[in-house]
Amino acid sequence: MDIDFVNKTQYQFLVEDIFPALHRKDKKFIVTANPEIVMKAREDDTFKKVIQEADYTVPDGIGIILAAKMLKTPLQERIAGFDLTLDLLNYADEYELSCYFLGAKEDVNEKAVKRVESDYPNIHIAGRHNGYFDFDDRKLAEEIAATSPDIVLVAAGFPKQEKWIAAYKDLFNHGLFMGVGGTFDVLAGEVKRAPEIWVKLNLEWFYRLLQQPRVRIKRTLKLFEFMWIILKNRKK
């Protein structure tokens, strides 16, 4: 579907690409793409261009891994956005980097940042802002850029978070930018992540469906639509 994925283990990706970029103070944009995001890109040419022009697109979702295997272009492993976020926070804590937290509800954003302050005391909080902002508010983007963050985590849901990063990252001198979806909700303790056994069995999507059936049903249907398209292409 015209989306190129990082074909490395999470460890390789971090050590070979991301940590050196942070050390050099490069500007990098990571997209964490699951089947739903790939399907959205299929329907939205602007969003597809944003993904294609990002520096890295990682396979966040077992559906991507299965599809790549079915098409005989296997990827080494799933790189979950939440796990990647924790690794970035650990690195930022170790090297005393600064992070900006943009997105989610106000109380969720506040709780998530307090959790980071508690668990990662060496991180400098460059600032935070909830997800209720005008996409065209350039002033907000300029204010965030003025804090000179090393890492910018945007939890505004796709495609808004990725489009926002693409639209405004040129205002920043450096930084690692990543859309993180519902990660702030987990950090804030508002949503529980699937138990480890569900993750190991690649059933995290099913756990989420059971936890939030009304929210997740449309996303699950998109997953099956994605796999159906992959099956048809494999036959061709």
# chains A, B, ... in the order shown; residues from 1 in each chain; ligands from 1
>>> residues_around(residues="Leu88 in chain A", least_positions_apart="3", cutoff="12 Å", atoms="only C-alpha atoms", output="ChimeraX atom specification")
/A:10-11,13-15,18-19,21-22,30,81-85,91-99,116,120,123,150-153,176-178,180
>>> write_last_selection(atoms="N, CA and C atoms", output="short mmCIF file (atom, residue, chain, number, x, y, z; two decimals), in the first residue's frame")
data_model
loop_
_atom_site.label_atom_id
_atom_site.label_comp_id
_atom_site.auth_asym_id
_atom_site.auth_seq_id
_atom_site.Cartn_x
_atom_site.Cartn_y
_atom_site.Cartn_z
N GLN A 10 13.37 -3.49 17.58
CA GLN A 10 13.23 -2.24 18.31
C GLN A 10 14.58 -1.79 18.87
N TYR A 11 15.35 -2.75 19.38
CA TYR A 11 16.66 -2.44 19.94
C TYR A 11 17.57 -1.85 18.86
N PHE A 13 16.74 -0.40 16.05
CA PHE A 13 16.20 0.89 15.63
C PHE A 13 16.61 2.00 16.59
N LEU A 14 16.51 1.73 17.88
CA LEU A 14 16.86 2.73 18.87
C LEU A 14 18.37 3.01 18.88
N VAL A 15 19.14 1.95 18.91
CA VAL A 15 20.59 2.10 19.05
C VAL A 15 21.25 2.63 17.78
N ILE A 18 17.78 6.13 16.44
CA ILE A 18 17.13 7.14 17.27
C ILE A 18 18.05 7.76 18.31
N PHE A 19 18.75 6.94 19.08
CA PHE A 19 19.64 7.50 20.10
C PHE A 19 20.74 8.37 19.50
N ALA A 21 20.53 10.08 16.76
CA ALA A 21 19.87 11.30 16.28
C ALA A 21 19.62 12.27 17.44
N LEU A 22 19.21 11.72 18.58
CA LEU A 22 19.00 12.56 19.76
C LEU A 22 20.31 13.17 20.24
N ILE A 30 8.90 10.24 13.59
CA ILE A 30 8.55 8.82 13.61
C ILE A 30 7.04 8.67 13.51
N GLY A 81 4.21 1.55 19.69
CA GLY A 81 4.39 2.95 20.01
C GLY A 81 4.54 3.20 21.50
N PHE A 82 3.78 2.48 22.32
CA PHE A 82 3.86 2.68 23.77
C PHE A 82 5.23 2.26 24.29
N ASP A 83 5.70 1.11 23.83
CA ASP A 83 7.03 0.64 24.26
C ASP A 83 8.13 1.59 23.80
N LEU A 84 7.97 2.09 22.59
CA LEU A 84 8.95 3.03 22.05
C LEU A 84 8.97 4.32 22.90
N THR A 85 7.79 4.76 23.31
CA THR A 85 7.70 5.95 24.16
C THR A 85 8.43 5.73 25.47
N TYR A 91 15.67 7.01 27.99
CA TYR A 91 16.87 7.65 27.43
C TYR A 91 16.91 9.12 27.84
N ALA A 92 15.77 9.79 27.76
CA ALA A 92 15.70 11.20 28.12
C ALA A 92 16.04 11.40 29.59
N ASP A 93 15.62 10.46 30.43
CA ASP A 93 15.93 10.53 31.85
C ASP A 93 17.43 10.34 32.09
N GLU A 94 18.01 9.40 31.39
CA GLU A 94 19.44 9.11 31.57
C GLU A 94 20.31 10.29 31.14
N TYR A 95 19.90 10.95 30.05
CA TYR A 95 20.74 12.03 29.50
C TYR A 95 20.16 13.43 29.76
N GLU A 96 19.18 13.49 30.64
CA GLU A 96 18.60 14.76 31.08
C GLU A 96 18.11 15.60 29.90
N LEU A 97 17.35 14.97 29.02
CA LEU A 97 16.78 15.67 27.87
C LEU A 97 15.46 16.33 28.26
N SER A 98 14.95 17.16 27.36
CA SER A 98 13.68 17.84 27.61
C SER A 98 12.58 17.26 26.72
N CYS A 99 11.36 17.22 27.25
CA CYS A 99 10.23 16.66 26.52
C CYS A 99 9.03 17.60 26.60
N VAL A 116 5.33 11.12 34.61
CA VAL A 116 6.67 11.20 34.03
C VAL A 116 7.62 11.89 35.01
N TYR A 120 10.55 9.58 36.01
CA TYR A 120 11.75 9.99 35.28
C TYR A 120 12.18 11.38 35.76
N ILE A 123 14.19 14.09 33.63
CA ILE A 123 13.65 14.69 32.41
C ILE A 123 13.24 16.13 32.69
N ASP A 150 13.76 18.42 23.19
CA ASP A 150 14.49 17.35 22.50
C ASP A 150 13.53 16.31 21.94
N ILE A 151 12.41 16.11 22.64
CA ILE A 151 11.41 15.12 22.23
C ILE A 151 10.03 15.77 22.31
N VAL A 152 9.22 15.61 21.26
CA VAL A 152 7.86 16.13 21.25
C VAL A 152 6.91 14.95 21.03
N LEU A 153 6.10 14.65 22.05
CA LEU A 153 5.13 13.57 21.96
C LEU A 153 3.75 14.18 21.76
N LEU A 176 12.95 15.17 18.24
CA LEU A 176 12.35 13.92 17.79
C LEU A 176 10.85 14.05 17.98
N PHE A 177 10.09 13.85 16.91
CA PHE A 177 8.65 14.04 16.94
C PHE A 177 7.95 12.70 16.71
N MET A 178 6.93 12.42 17.53
CA MET A 178 6.22 11.16 17.36
C MET A 178 4.78 11.30 17.83
N VAL A 180 1.63 9.65 19.43
CA VAL A 180 1.59 8.53 20.39
C VAL A 180 0.17 8.09 20.75
#
>>> closest_atom_pairs(of="range 51-71 of chain A", to="range 222-236 of chain A", cutoff="12 Å", atoms="only C-alpha atoms", output="CSV")
residue,atom,partner,partner_atom,distance
A:Gly61,CA,A:Leu223,CA,9.8
A:Ile62,CA,A:Leu223,CA,10.0
A:Gly63,CA,A:Leu223,CA,7.1
A:Ile64,CA,A:Met227,CA,9.0
A:Ile65,CA,A:Met227,CA,11.0
A:Leu66,CA,A:Met227,CA,8.7
A:Ala67,CA,A:Ile230,CA,6.3
A:Ala68,CA,A:Ile230,CA,8.9
A:Lys69,CA,A:Arg234,CA,10.4
A:Met70,CA,A:Arg234,CA,7.0
A:Leu71,CA,A:Arg234,CA,5.8
>>> write_last_selection(atoms="N, CA, C and O atoms", output="compact mmCIF listing (two decimals), in the first residue's frame")
# COMPACT_ATOMS: atom_id res chain seq x y z
N GLY A 61 1.67 -2.91 15.33
CA GLY A 61 0.46 -3.70 15.16
C GLY A 61 0.80 -5.05 14.55
O GLY A 61 1.54 -5.12 13.56
N ILE A 62 0.26 -6.10 15.15
CA ILE A 62 0.56 -7.44 14.64
C ILE A 62 0.01 -7.62 13.23
O ILE A 62 0.55 -8.41 12.45
N GLY A 63 -1.04 -6.86 12.87
CA GLY A 63 -1.58 -6.95 11.52
C GLY A 63 -0.56 -6.58 10.46
O GLY A 63 -0.51 -7.19 9.39
N ILE A 64 0.28 -5.59 10.75
CA ILE A 64 1.34 -5.19 9.81
C ILE A 64 2.36 -6.31 9.67
O ILE A 64 2.81 -6.63 8.56
N ILE A 65 2.73 -6.91 10.78
CA ILE A 65 3.70 -8.00 10.76
C ILE A 65 3.17 -9.19 9.96
O ILE A 65 3.89 -9.78 9.12
N LEU A 66 1.91 -9.56 10.20
CA LEU A 66 1.31 -10.69 9.47
C LEU A 66 1.20 -10.38 7.98
O LEU A 66 1.46 -11.24 7.14
N ALA A 67 0.80 -9.15 7.66
CA ALA A 67 0.65 -8.77 6.26
C ALA A 67 1.99 -8.83 5.53
O ALA A 67 2.07 -9.35 4.41
N ALA A 68 3.03 -8.32 6.17
CA ALA A 68 4.36 -8.35 5.54
C ALA A 68 4.82 -9.79 5.29
O ALA A 68 5.42 -10.10 4.26
N LYS A 69 4.52 -10.66 6.25
CA LYS A 69 4.89 -12.07 6.10
C LYS A 69 4.11 -12.72 4.96
O LYS A 69 4.67 -13.47 4.15
N MET A 70 2.83 -12.42 4.87
CA MET A 70 1.98 -12.98 3.82
C MET A 70 2.43 -12.53 2.43
O MET A 70 2.32 -13.27 1.45
N LEU A 71 2.96 -11.30 2.35
CA LEU A 71 3.41 -10.76 1.07
C LEU A 71 4.87 -11.11 0.76
O LEU A 71 5.44 -10.60 -0.19
>>> closest_residue(among="A:Ile51, A:Ile125, A:Leu102, A:Val199", to="Ser148 in chain A", atoms="only C-alpha atoms")
A:Ile125
>>> atom_distance(atom1="CA of Val154 in chain A", atom2="CA of Gly181 in chain A")
7.4 Å
>>> closest_residue(among="A:Lys192, A:Lys48, A:Lys200, A:Lys72", to="Asp4 in chain A", atoms="only C-alpha atoms")
A:Lys48
>>> atom_distance(atom1="CA of Pro59 in chain A", atom2="CA of Val113 in chain A")
26.2 Å
>>> residues_around(residues="Asn7 in chain A", least_positions_apart="2", cutoff="7 Å", atoms="only C-alpha atoms", output="number ranges by chain")
A: 5, 75-76
>>> write_last_selection(atoms="N, CA and C atoms", output="PDB file, in the first residue's frame")
ATOM      1  N   PHE A   5       8.204   0.440   5.757  1.00  0.00           N
ATOM      2  CA  PHE A   5       8.366   0.246   7.196  1.00  0.00           C
ATOM      3  C   PHE A   5       9.817  -0.009   7.578  1.00  0.00           C
ATOM      4  N   LEU A  75       8.946  -8.472   8.157  1.00  0.00           N
ATOM      5  CA  LEU A  75       9.578  -7.481   9.029  1.00  0.00           C
ATOM      6  C   LEU A  75      10.074  -8.193  10.273  1.00  0.00           C
ATOM      7  N   GLN A  76      11.151  -7.674  10.866  1.00  0.00           N
ATOM      8  CA  GLN A  76      11.795  -8.401  11.957  1.00  0.00           C
ATOM      9  C   GLN A  76      10.938  -8.494  13.209  1.00  0.00           C
TER      10      GLN A  76
END
>>> select_by_dssp(residues="range 52-233 of chain A", states="helix (DSSP H, G or I)", output="VMD selection string")
chain A and resid 52 to 53 62 to 70 81 to 94 106 to 119 138 to 146 160 to 171 183 to 187 196 to 200 204 to 211 213 to 233
>>> closest_residue(among="A:Gly157, A:Phe172, A:Asp119, A:Asn130", to="Ala145 in chain A", atoms="only C-alpha atoms")
A:Phe172
>>> atom_distance(atom1="CA of Asp45 in chain A", atom2="CA of Asp137 in chain A")
22.7 Å
>>> closest_residue(among="A:Glu106, A:Asp17, A:Glu36, A:Glu53", to="Pro159 in chain A", atoms="only C-alpha atoms")
A:Glu36
>>> select_by_dssp(residues="range 13-68 of chain A", states="strand (DSSP E or B)", output="list in words")
Lys27, Lys28, Phe29, Ile30, Val31, Thr32, Ala33, Tyr56, Thr57, Val58 and Pro59 of chain A
>>> closest_residue(among="A:Phe29, A:Phe47, A:Tyr132, A:Phe184", to="Lys114 in chain A", atoms="only C-alpha atoms")
A:Phe184
>>> residues_around(residues="Asp136 in chain A", least_positions_apart="2", cutoff="12 Å", atoms="only C-alpha atoms", output="list in words")
Phe133, Asp134, Arg138, Lys139, Leu140, Ala141, Glu142, Lys160, Lys163, Trp164, Ile165, Ala167 and Tyr168 of chain A
>>> residues_around(residues="Glu190 in chain A", least_positions_apart="4", cutoff="10 Å", atoms="only C-alpha atoms", output="list in words")
Val108, Lys111, Ala112, Gly182, Phe184, Asp185 and Val186 of chain A
>>> residues_around(residues="Arg115 in chain A", least_positions_apart="6", cutoff="9 Å", atoms="only C-alpha atoms", output="JSON, numbers by chain")
{"A": [187, 188, 189]}
>>> write_last_selection(atoms="N, CA and C atoms", output="PDB file, in the first residue's frame")
ATOM      1  N   LEU A 187      -0.265   6.316  30.606  1.00  0.00           N
ATOM      2  CA  LEU A 187       0.641   6.928  31.582  1.00  0.00           C
ATOM      3  C   LEU A 187      -0.132   7.548  32.737  1.00  0.00           C
ATOM      4  N   ALA A 188      -1.302   8.094  32.421  1.00  0.00           N
ATOM      5  CA  ALA A 188      -2.118   8.746  33.437  1.00  0.00           C
ATOM      6  C   ALA A 188      -2.894   7.752  34.297  1.00  0.00           C
ATOM      7  N   GLY A 189      -2.878   6.476  33.897  1.00  0.00           N
ATOM      8  CA  GLY A 189      -3.620   5.465  34.646  1.00  0.00           C
ATOM      9  C   GLY A 189      -5.093   5.415  34.312  1.00  0.00           C
TER      10      GLY A 189
END
